[in-house]
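Source file: start.tsv. Holds: TSV, C-alpha atoms.
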```
chain	number	residue	atom	x	y	z
A	460	MET	CA	0.00	0.00	0.00
A	461	THR	CA	1.36	3.43	-0.88
A	462	ASP	CA	0.37	7.03	-0.25
A	463	ILE	CA	1.22	7.91	-3.83
A	464	ARG	CA	-1.85	8.83	-5.87
A	465	THR	CA	-2.66	7.78	-9.42
A	466	ASP	CA	-3.13	11.45	-10.34
A	467	ALA	CA	0.16	12.55	-8.73
A	468	LEU	CA	1.71	13.49	-12.07
A	469	ARG	CA	-1.23	14.48	-14.24
A	470	PRO	CA	-4.73	15.78	-13.59
A	471	MET	CA	-7.43	13.09	-13.52
A	472	THR	CA	-11.06	12.81	-12.46
A	473	PRO	CA	-12.28	9.89	-10.29
A	474	LEU	CA	-13.53	8.27	-13.52
A	475	GLN	CA	-10.05	8.36	-15.07
A	476	VAL	CA	-8.44	7.07	-11.87
A	477	ARG	CA	-10.89	4.12	-11.78
A	478	GLN	CA	-10.17	3.29	-15.44
A	479	GLU	CA	-6.41	3.52	-14.88
A	480	ARG	CA	-6.42	1.26	-11.81
A	481	ASP	CA	-8.60	-1.30	-13.60
A	482	PHE	CA	-6.25	-1.30	-16.58
A	483	ILE	CA	-3.13	-1.74	-14.45
A	484	GLU	CA	-4.78	-4.54	-12.46
A	485	SER	CA	-5.52	-6.28	-15.76
A	486	LEU	CA	-1.79	-6.32	-16.54
A	487	LYS	CA	-0.95	-8.33	-13.44
A	488	GLN	CA	-0.89	-11.87	-14.72
A	489	ASP	CA	1.26	-14.89	-14.13
A	490	CYS	CA	4.42	-14.68	-16.16
A	491	GLN	CA	7.93	-16.02	-16.27
A	492	THR	CA	11.01	-13.88	-15.84
A	493	TYR	CA	12.68	-13.02	-19.12
A	494	TRP	CA	15.67	-15.13	-18.04
A	495	ASP	CA	13.45	-18.21	-17.80
A	496	MET	CA	11.50	-17.34	-20.93
A	497	VAL	CA	14.51	-17.30	-23.26
A	498	GLU	CA	16.96	-20.03	-24.24
A	499	VAL	CA	20.23	-19.28	-26.03
A	500	GLY	CA	19.68	-20.02	-29.71
A	501	ASP	CA	16.01	-18.98	-29.70
A	502	VAL	CA	15.10	-17.06	-32.85
A	503	LEU	CA	11.96	-14.96	-33.14
A	504	ALA	CA	10.98	-12.98	-36.24
A	505	ARG	CA	8.03	-10.85	-37.30
A	506	ASP	CA	7.22	-8.70	-40.32
A	507	LEU	CA	6.19	-5.08	-39.91
A	508	THR	CA	4.90	-2.67	-42.53
A	509	ILE	CA	6.15	0.76	-41.53
A	510	THR	CA	3.15	2.86	-42.41
A	511	PRO	CA	3.37	6.67	-42.49
A	512	GLU	CA	1.03	6.82	-39.50
A	513	LEU	CA	3.26	4.50	-37.45
A	514	VAL	CA	6.24	6.76	-38.11
A	515	ILE	CA	4.23	9.78	-36.96
A	516	LEU	CA	3.19	7.89	-33.81
A	517	TYR	CA	6.87	7.28	-33.00
A	518	ALA	CA	8.14	10.74	-33.95
A	519	ASP	CA	5.45	12.46	-31.87
A	520	ALA	CA	6.22	10.28	-28.85
A	521	VAL	CA	9.82	11.52	-28.88
A	522	GLU	CA	8.92	15.06	-30.01
A	523	ASP	CA	11.05	14.83	-33.16
A	524	TYR	CA	9.53	17.05	-35.84
A	525	ASN	CA	12.09	16.49	-38.63
A	526	PRO	CA	10.13	16.78	-41.92
A	527	TRP	CA	12.18	13.96	-43.47
A	528	TYR	CA	9.99	11.51	-41.52
A	529	GLU	CA	6.67	12.86	-42.71
A	530	GLY	CA	4.82	10.53	-45.07
A	531	TRP	CA	1.60	11.75	-43.47
A	532	ARG	CA	0.40	15.23	-42.71
A	533	MET	CA	-2.88	16.51	-41.36
A	534	ASN	CA	-5.14	17.77	-44.16
A	535	THR	CA	-3.16	16.15	-46.99
A	536	TRP	CA	-2.83	12.72	-45.22
A	537	ARG	CA	-0.53	10.29	-47.04
A	538	ILE	CA	2.21	11.99	-49.06
A	539	PRO	CA	5.50	10.78	-50.60
A	540	GLY	CA	7.44	13.10	-48.34
A	541	GLU	CA	10.91	14.49	-48.92
A	542	SER	CA	14.36	13.62	-47.61
A	543	PRO	CA	17.92	13.58	-48.96
A	544	PHE	CA	17.14	10.02	-50.12
A	545	GLY	CA	13.99	10.94	-52.06
A	546	GLY	CA	10.77	10.23	-50.18
A	547	ALA	CA	10.13	10.13	-46.46
A	548	ILE	CA	12.42	7.91	-44.37
A	549	VAL	CA	12.19	6.20	-41.00
A	550	PRO	CA	13.97	7.77	-37.96
A	551	PRO	CA	17.32	6.04	-37.35
A	552	LEU	CA	16.38	4.21	-34.14
A	553	MET	CA	12.67	3.62	-34.69
A	554	MET	CA	13.20	-0.01	-35.69
A	555	SER	CA	15.42	-0.52	-32.66
A	556	HIS	CA	12.40	0.27	-30.51
A	557	PHE	CA	10.20	-2.22	-32.36
A	558	VAL	CA	12.71	-5.01	-31.72
A	559	LEU	CA	11.14	-5.17	-28.28
A	560	SER	CA	7.92	-6.47	-29.83
A	561	VAL	CA	9.87	-9.32	-31.40
A	562	GLN	CA	12.37	-10.42	-28.77
A	563	PHE	CA	9.59	-10.64	-26.17
A	564	ASP	CA	7.41	-13.47	-27.43
A	565	HIS	CA	4.12	-11.62	-27.96
A	566	THR	CA	2.12	-14.82	-27.60
A	567	LYS	CA	3.16	-15.09	-23.92
A	568	PRO	CA	2.46	-12.77	-20.96
A	569	PHE	CA	4.94	-9.89	-20.78
A	570	ALA	CA	8.02	-10.67	-18.65
A	571	ILE	CA	7.53	-7.90	-16.14
A	572	GLY	CA	10.60	-6.47	-14.41
A	573	SER	CA	12.76	-6.56	-17.53
A	574	ILE	CA	14.86	-3.50	-18.34
A	575	HIS	CA	16.58	-2.64	-21.60
A	576	THR	CA	20.16	-1.68	-20.67
A	577	PHE	CA	22.25	-1.45	-23.85
A	578	HIS	CA	22.18	-1.40	-27.63
A	579	ASP	CA	24.87	-1.22	-30.28
A	580	THR	CA	23.17	-0.44	-33.58
A	581	GLU	CA	24.54	-0.33	-37.10
A	582	ILE	CA	22.35	1.76	-39.39
A	583	LEU	CA	23.31	0.42	-42.80
A	584	GLU	CA	20.77	1.92	-45.23
A	585	PRO	CA	17.90	4.42	-44.95
A	586	ILE	CA	14.49	2.75	-44.61
A	587	PRO	CA	11.78	4.27	-46.83
A	588	VAL	CA	8.47	4.93	-45.13
A	589	GLY	CA	6.05	2.26	-46.37
A	590	ALA	CA	8.63	-0.55	-46.44
A	591	THR	CA	7.80	-3.94	-44.98
A	592	VAL	CA	10.66	-5.25	-42.89
A	593	ARG	CA	11.44	-8.51	-41.16
A	594	ILE	CA	12.78	-8.02	-37.66
A	595	ALA	CA	14.66	-11.12	-36.49
A	596	ALA	CA	16.11	-11.50	-33.01
A	597	LYS	CA	18.37	-14.37	-31.92
A	598	ALA	CA	19.24	-14.95	-28.27
A	599	VAL	CA	23.02	-15.38	-28.28
A	600	GLU	CA	24.03	-15.21	-24.63
A	601	LYS	CA	22.74	-15.29	-21.07
A	602	TYR	CA	25.21	-13.95	-18.54
A	603	GLU	CA	25.47	-12.68	-14.99
A	604	LYS	CA	27.39	-9.58	-14.02
A	605	ARG	CA	27.63	-8.11	-10.51
A	606	GLY	CA	24.77	-10.31	-9.37
A	607	ARG	CA	22.46	-9.29	-12.20
A	608	ARG	CA	21.15	-11.44	-15.04
A	609	TYR	CA	21.28	-10.31	-18.65
A	610	VAL	CA	20.03	-11.74	-21.93
A	611	ARG	CA	21.82	-10.67	-25.12
A	612	HIS	CA	20.23	-10.70	-28.57
A	613	GLU	CA	21.55	-10.14	-32.09
A	614	VAL	CA	19.04	-8.48	-34.36
A	615	THR	CA	18.65	-7.89	-38.08
A	616	VAL	CA	16.14	-5.75	-39.94
A	617	THR	CA	15.75	-6.58	-43.64
A	618	ASP	CA	13.41	-5.53	-46.41
A	619	THR	CA	11.01	-8.41	-47.14
A	620	THR	CA	10.88	-7.49	-50.85
A	621	SER	CA	14.39	-6.42	-51.82
A	622	GLY	CA	16.31	-8.26	-49.13
A	623	THR	CA	18.19	-5.05	-48.23
A	624	LEU	CA	19.79	-5.31	-44.81
A	625	TYR	CA	18.83	-2.04	-43.13
A	626	MET	CA	20.02	-2.52	-39.57
A	627	ARG	CA	22.03	-4.82	-37.32
A	628	GLU	CA	21.98	-4.60	-33.56
A	629	VAL	CA	23.26	-6.19	-30.37
A	630	ARG	CA	21.10	-5.48	-27.32
A	631	ASP	CA	20.93	-6.50	-23.69
A	632	ILE	CA	17.94	-6.95	-21.41
A	633	LEU	CA	18.33	-7.06	-17.63
A	634	SER	CA	16.00	-9.73	-16.20
A	635	LEU	CA	14.66	-10.32	-12.72
B	1342	MET	CA	12.76	40.88	-25.91
B	1343	ALA	CA	13.20	38.76	-29.04
B	1344	GLU	CA	15.27	35.61	-28.75
B	1345	THR	CA	18.45	35.25	-30.79
B	1346	LEU	CA	18.28	32.47	-33.37
B	1347	ILE	CA	21.31	30.47	-34.43
B	1348	PRO	CA	21.85	29.85	-38.18
B	1349	ALA	CA	19.89	26.84	-39.48
B	1350	ASP	CA	23.09	25.04	-40.51
B	1351	ALA	CA	24.93	25.69	-37.23
B	1352	GLY	CA	26.54	22.63	-35.72
B	1353	ARG	CA	26.80	20.56	-38.92
B	1354	ILE	CA	29.80	18.27	-39.13
B	1355	THR	CA	31.91	18.56	-42.29
B	1356	ARG	CA	35.28	17.17	-43.42
B	1357	ASP	CA	36.91	20.18	-41.72
B	1358	THR	CA	35.28	19.68	-38.32
B	1359	PRO	CA	38.07	19.19	-35.73
B	1360	VAL	CA	38.38	16.69	-32.91
B	1361	GLY	CA	36.94	18.34	-29.82
B	1362	PHE	CA	33.97	19.86	-31.68
B	1363	GLU	CA	30.84	19.89	-29.52
B	1364	LEU	CA	27.45	19.01	-31.00
B	1365	LEU	CA	24.37	21.16	-30.53
B	1366	GLY	CA	22.06	19.17	-28.31
B	1367	VAL	CA	18.34	18.92	-27.75
B	1368	LYS	CA	16.42	19.24	-24.50
B	1369	LYS	CA	13.25	17.35	-23.53
B	1370	LYS	CA	11.09	16.95	-20.47
B	1371	ALA	CA	10.20	13.44	-19.35
B	1372	ALA	CA	6.49	14.14	-19.70
B	1373	ILE	CA	4.26	11.51	-18.11
B	1374	GLN	CA	1.75	11.77	-20.96
B	1375	LEU	CA	4.44	10.75	-23.48
B	1376	MET	CA	5.88	8.05	-21.22
B	1377	GLY	CA	2.43	6.47	-20.99
B	1378	SER	CA	1.63	6.66	-24.68
B	1379	ARG	CA	0.69	3.53	-26.61
B	1380	LEU	CA	3.90	3.75	-28.64
B	1381	TRP	CA	5.86	2.39	-25.67
B	1382	GLY	CA	3.52	-0.54	-25.22
B	1383	ARG	CA	1.66	0.27	-22.00
B	1384	PHE	CA	2.52	-3.17	-20.67
B	1385	ASN	CA	5.00	-2.07	-18.00
B	1386	PRO	CA	3.29	0.41	-15.62
B	1387	ASN	CA	6.68	1.40	-14.19
B	1388	HIS	CA	6.90	3.66	-17.22
B	1389	TRP	CA	3.87	5.78	-16.41
B	1390	ASP	CA	1.96	4.84	-13.22
B	1391	PRO	CA	3.21	6.50	-9.98
B	1392	VAL	CA	1.36	4.00	-7.76
B	1393	TYR	CA	2.82	0.91	-9.44
B	1394	ALA	CA	6.27	2.53	-9.55
B	1395	ALA	CA	6.13	3.23	-5.81
B	1396	GLU	CA	5.07	-0.37	-5.11
B	1397	THR	CA	8.16	-1.60	-6.93
B	1398	GLY	CA	10.46	0.77	-5.06
B	1399	LEU	CA	10.87	3.50	-7.65
B	1400	PRO	CA	10.61	7.17	-6.59
B	1401	ALA	CA	8.69	7.93	-9.81
B	1402	PRO	CA	7.83	6.29	-13.13
B	1403	ILE	CA	10.89	5.96	-15.37
B	1404	GLN	CA	11.26	6.55	-19.10
B	1405	THR	CA	12.06	3.70	-21.46
B	1406	GLY	CA	15.70	3.81	-22.51
B	1407	GLU	CA	14.62	4.09	-26.13
B	1408	MET	CA	13.40	7.63	-25.45
B	1409	SER	CA	16.94	8.76	-24.51
B	1410	SER	CA	18.36	6.96	-27.52
B	1411	ALA	CA	15.87	8.77	-29.75
B	1412	TYR	CA	16.87	12.16	-28.28
B	1413	LEU	CA	20.55	11.37	-28.90
B	1414	SER	CA	19.75	10.20	-32.40
B	1415	GLU	CA	17.86	13.45	-33.12
B	1416	MET	CA	20.97	15.43	-32.11
B	1417	CYS	CA	23.13	13.26	-34.36
B	1418	VAL	CA	20.80	13.65	-37.36
B	1419	HIS	CA	21.13	17.42	-37.02
B	1420	ALA	CA	24.94	17.20	-36.83
B	1421	LEU	CA	25.51	14.52	-39.45
B	1422	GLY	CA	22.54	14.82	-41.81
B	1423	PRO	CA	22.24	11.95	-44.32
B	1424	ALA	CA	25.42	10.37	-42.94
B	1425	MET	CA	23.39	9.21	-39.94
B	1426	PHE	CA	21.28	6.94	-42.18
B	1427	ARG	CA	23.93	4.99	-44.12
B	1428	GLY	CA	26.93	3.16	-42.68
B	1429	ALA	CA	26.48	4.72	-39.23
B	1430	ARG	CA	26.71	3.15	-35.81
B	1431	ILE	CA	25.18	4.27	-32.51
B	1432	SER	CA	25.80	2.58	-29.20
B	1433	CYS	CA	24.00	3.54	-25.98
B	1434	LYS	CA	24.27	2.23	-22.44
B	1435	TYR	CA	21.53	3.18	-19.96
B	1436	ILE	CA	23.43	3.84	-16.75
B	1437	ALA	CA	20.72	5.59	-14.71
B	1438	SER	CA	16.95	5.88	-14.87
B	1439	THR	CA	15.23	8.99	-16.19
B	1440	LYS	CA	12.37	9.84	-13.86
B	1441	ALA	CA	9.12	11.58	-14.76
B	1442	ASN	CA	9.42	15.35	-15.00
B	1443	GLU	CA	13.21	15.39	-15.28
B	1444	VAL	CA	14.58	17.61	-18.05
B	1445	ILE	CA	17.06	15.76	-20.20
B	1446	SER	CA	19.64	17.39	-22.45
B	1447	THR	CA	21.82	15.63	-25.00
B	1448	HIS	CA	25.50	16.25	-25.63
B	1449	GLY	CA	28.19	15.08	-28.01
B	1450	ARG	CA	31.87	15.68	-28.69
B	1451	VAL	CA	33.99	14.56	-31.64
B	1452	VAL	CA	36.73	12.36	-30.21
B	1453	GLU	CA	38.29	10.89	-33.34
B	1454	LYS	CA	38.35	11.35	-37.13
B	1455	THR	CA	39.94	8.73	-39.31
B	1456	PRO	CA	40.68	9.37	-43.02
B	1457	LYS	CA	38.37	7.31	-45.23
B	1458	GLY	CA	38.00	7.78	-48.99
B	1459	ASP	CA	37.68	11.49	-49.73
B	1460	GLY	CA	36.50	12.25	-46.21
B	1461	PHE	CA	36.61	10.94	-42.68
B	1462	ARG	CA	34.92	8.49	-40.36
B	1463	PHE	CA	34.01	10.47	-37.26
B	1464	ARG	CA	33.67	9.01	-33.79
B	1465	ILE	CA	31.59	11.08	-31.39
B	1466	GLU	CA	31.04	10.45	-27.72
B	1467	ILE	CA	27.44	11.11	-26.76
B	1468	TRP	CA	25.52	11.32	-23.53
B	1469	ALA	CA	22.21	12.42	-22.04
B	1470	GLN	CA	22.00	14.03	-18.61
B	1471	ASN	CA	19.54	15.72	-16.29
B	1472	GLU	CA	19.67	19.31	-15.09
B	1473	ASP	CA	21.98	18.36	-12.21
B	1474	GLY	CA	24.50	16.95	-14.67
B	1475	GLU	CA	23.74	13.33	-13.72
B	1476	LYS	CA	24.47	11.19	-16.77
B	1477	LYS	CA	21.64	8.86	-17.74
B	1478	THR	CA	22.76	7.41	-21.07
B	1479	VAL	CA	26.30	7.23	-22.46
B	1480	GLY	CA	27.67	5.93	-25.73
B	1481	PHE	CA	29.15	6.80	-29.07
B	1482	VAL	CA	28.29	7.38	-32.70
B	1483	GLU	CA	30.35	6.67	-35.78
B	1484	ALA	CA	29.55	8.02	-39.26
B	1485	ASP	CA	31.24	8.72	-42.60
B	1486	VAL	CA	31.37	12.36	-43.71
B	1487	GLY	CA	32.47	13.37	-47.20
B	1488	VAL	CA	33.61	9.85	-48.00
```
Encoding of this model in structure tokens:
Amino acid sequence: MTDIRTDALRPMTPLQVRQERDFIESLKQDCQTYWDMVEVGDVLARDLTITPELVILYADAVEDYNPWYEGWRMNTWRIPGESPFGGAIVPPLMMSHFVLSVQFDHTKPFAIGSIHTFHDTEILEPIPVGATVRIAAKAVEKYEKRGRRYVRHEVTVTDTTSGTLYMREVRDILSL
Amino acid sequence: MAETLIPADAGRITRDTPVGFELLGVKKKAAIQLMGSRLWGRFNPNHWDPVYAAETGLPAPIQTGEMSSAYLSEMCVHALGPAMFRGARISCKYIASTKANEVISTHGRVVEKTPKGDGFRFRIEIWAQNEDGEKKTVGFVEADVGV
């Protein structure tokens, strides 16, 4: 039990507080730790079409208003966009964020208590907005350091049509 | 009083940029509304709910690391332009949590330039810190300029 209030950081009515507490309660489900969920050698892959609206969702969430990323604008809606590479392109680390939705098996309950601690990302080619990419994550190592448990993945992002390798990444997750 | 604007191309890295050059950073507030947006999943309440965060021992909800990486990347796109999208590398280590309402600024300094083709491969140390100077994310970027 805590004295901290749901509306401590943003204004909310009793209705909003009730909805928020119900939603958070719904997230509490039985789940494994990430350490137990993953075996070295596991490979997970999913395809993602990077729609203009998805790029806007990401760019707005990090308050990045670079026009190179705009394949969608209010009033005109979908547009080709402009960048030094021609049309609109995807922000450099947007795909790195979506790796999370691949390395955590989305068919299982979320491994709560996991923290992303590190990434080393090679950005090989610009990704055009509208591309469909395959994000593949392979668990390559589980290790302990200073009493903490980490799971390391190697990731690739490739174009499902052209086969272009857009991004390579090594990333670590700290597990309970 | 009107604010003074810097030139639009200020802070761009060119072949002639020396080691020691400091990047122009960006500044963002860890706004709870953004931390709790659907983009970040809304499956880990530690990222937006003060009650859940307190129950797990946190003084406040904490940002996802990817938000800091995005801020650093935005700074690097301004400094490097198209070079940030082809043959670049960015490495980030999250060494401290960013708590709700903290103001985060990004910083970078050229630490190495190695001749490559007609230009150079630059190595830039980067970091994000709060207003007290506490570093939250540290790492480096490498990119080819004028190659």
| task | Grab the CA of Ile1467 in chain B to CA of Asp631 in chain A distance for me, in Å with one decimal place. | result | 19.0 Å
| said: When you look at Val1482 in chain B with a cut-off of 6 Å (counting only C-alpha atoms), what residues show up, excluding the ones that are within fewer than 3 positions of it in the same chain? I need them as an MDAnalysis selection string. | reply: chainID B and resid 1430:1431 1464:1465
| task | May I ask you to extract the residues of chain B within 7 Å of chain A, using only C-alpha atoms, and to give them as a list in words? | result | Ile1373, Leu1375, Leu1380, Phe1384, Asn1385, Pro1386, Asp1390, Pro1391, Val1392, Ala1395, Glu1396, Gly1406, Glu1407, Met1408, Ala1411, Ser1414, Glu1415, Pro1423, Phe1426, Arg1427, Gly1428, Ala1429, Arg1430, Ile1431, Ser1432, Cys1433, Lys1434 and Tyr1435 of chain B
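Nearest residue to Arg1356 in chain B among B:Cys1417, B:Val1444, B:Ala1424, B:Ala1343 is B:Ala1424, counting only C-alpha atoms.
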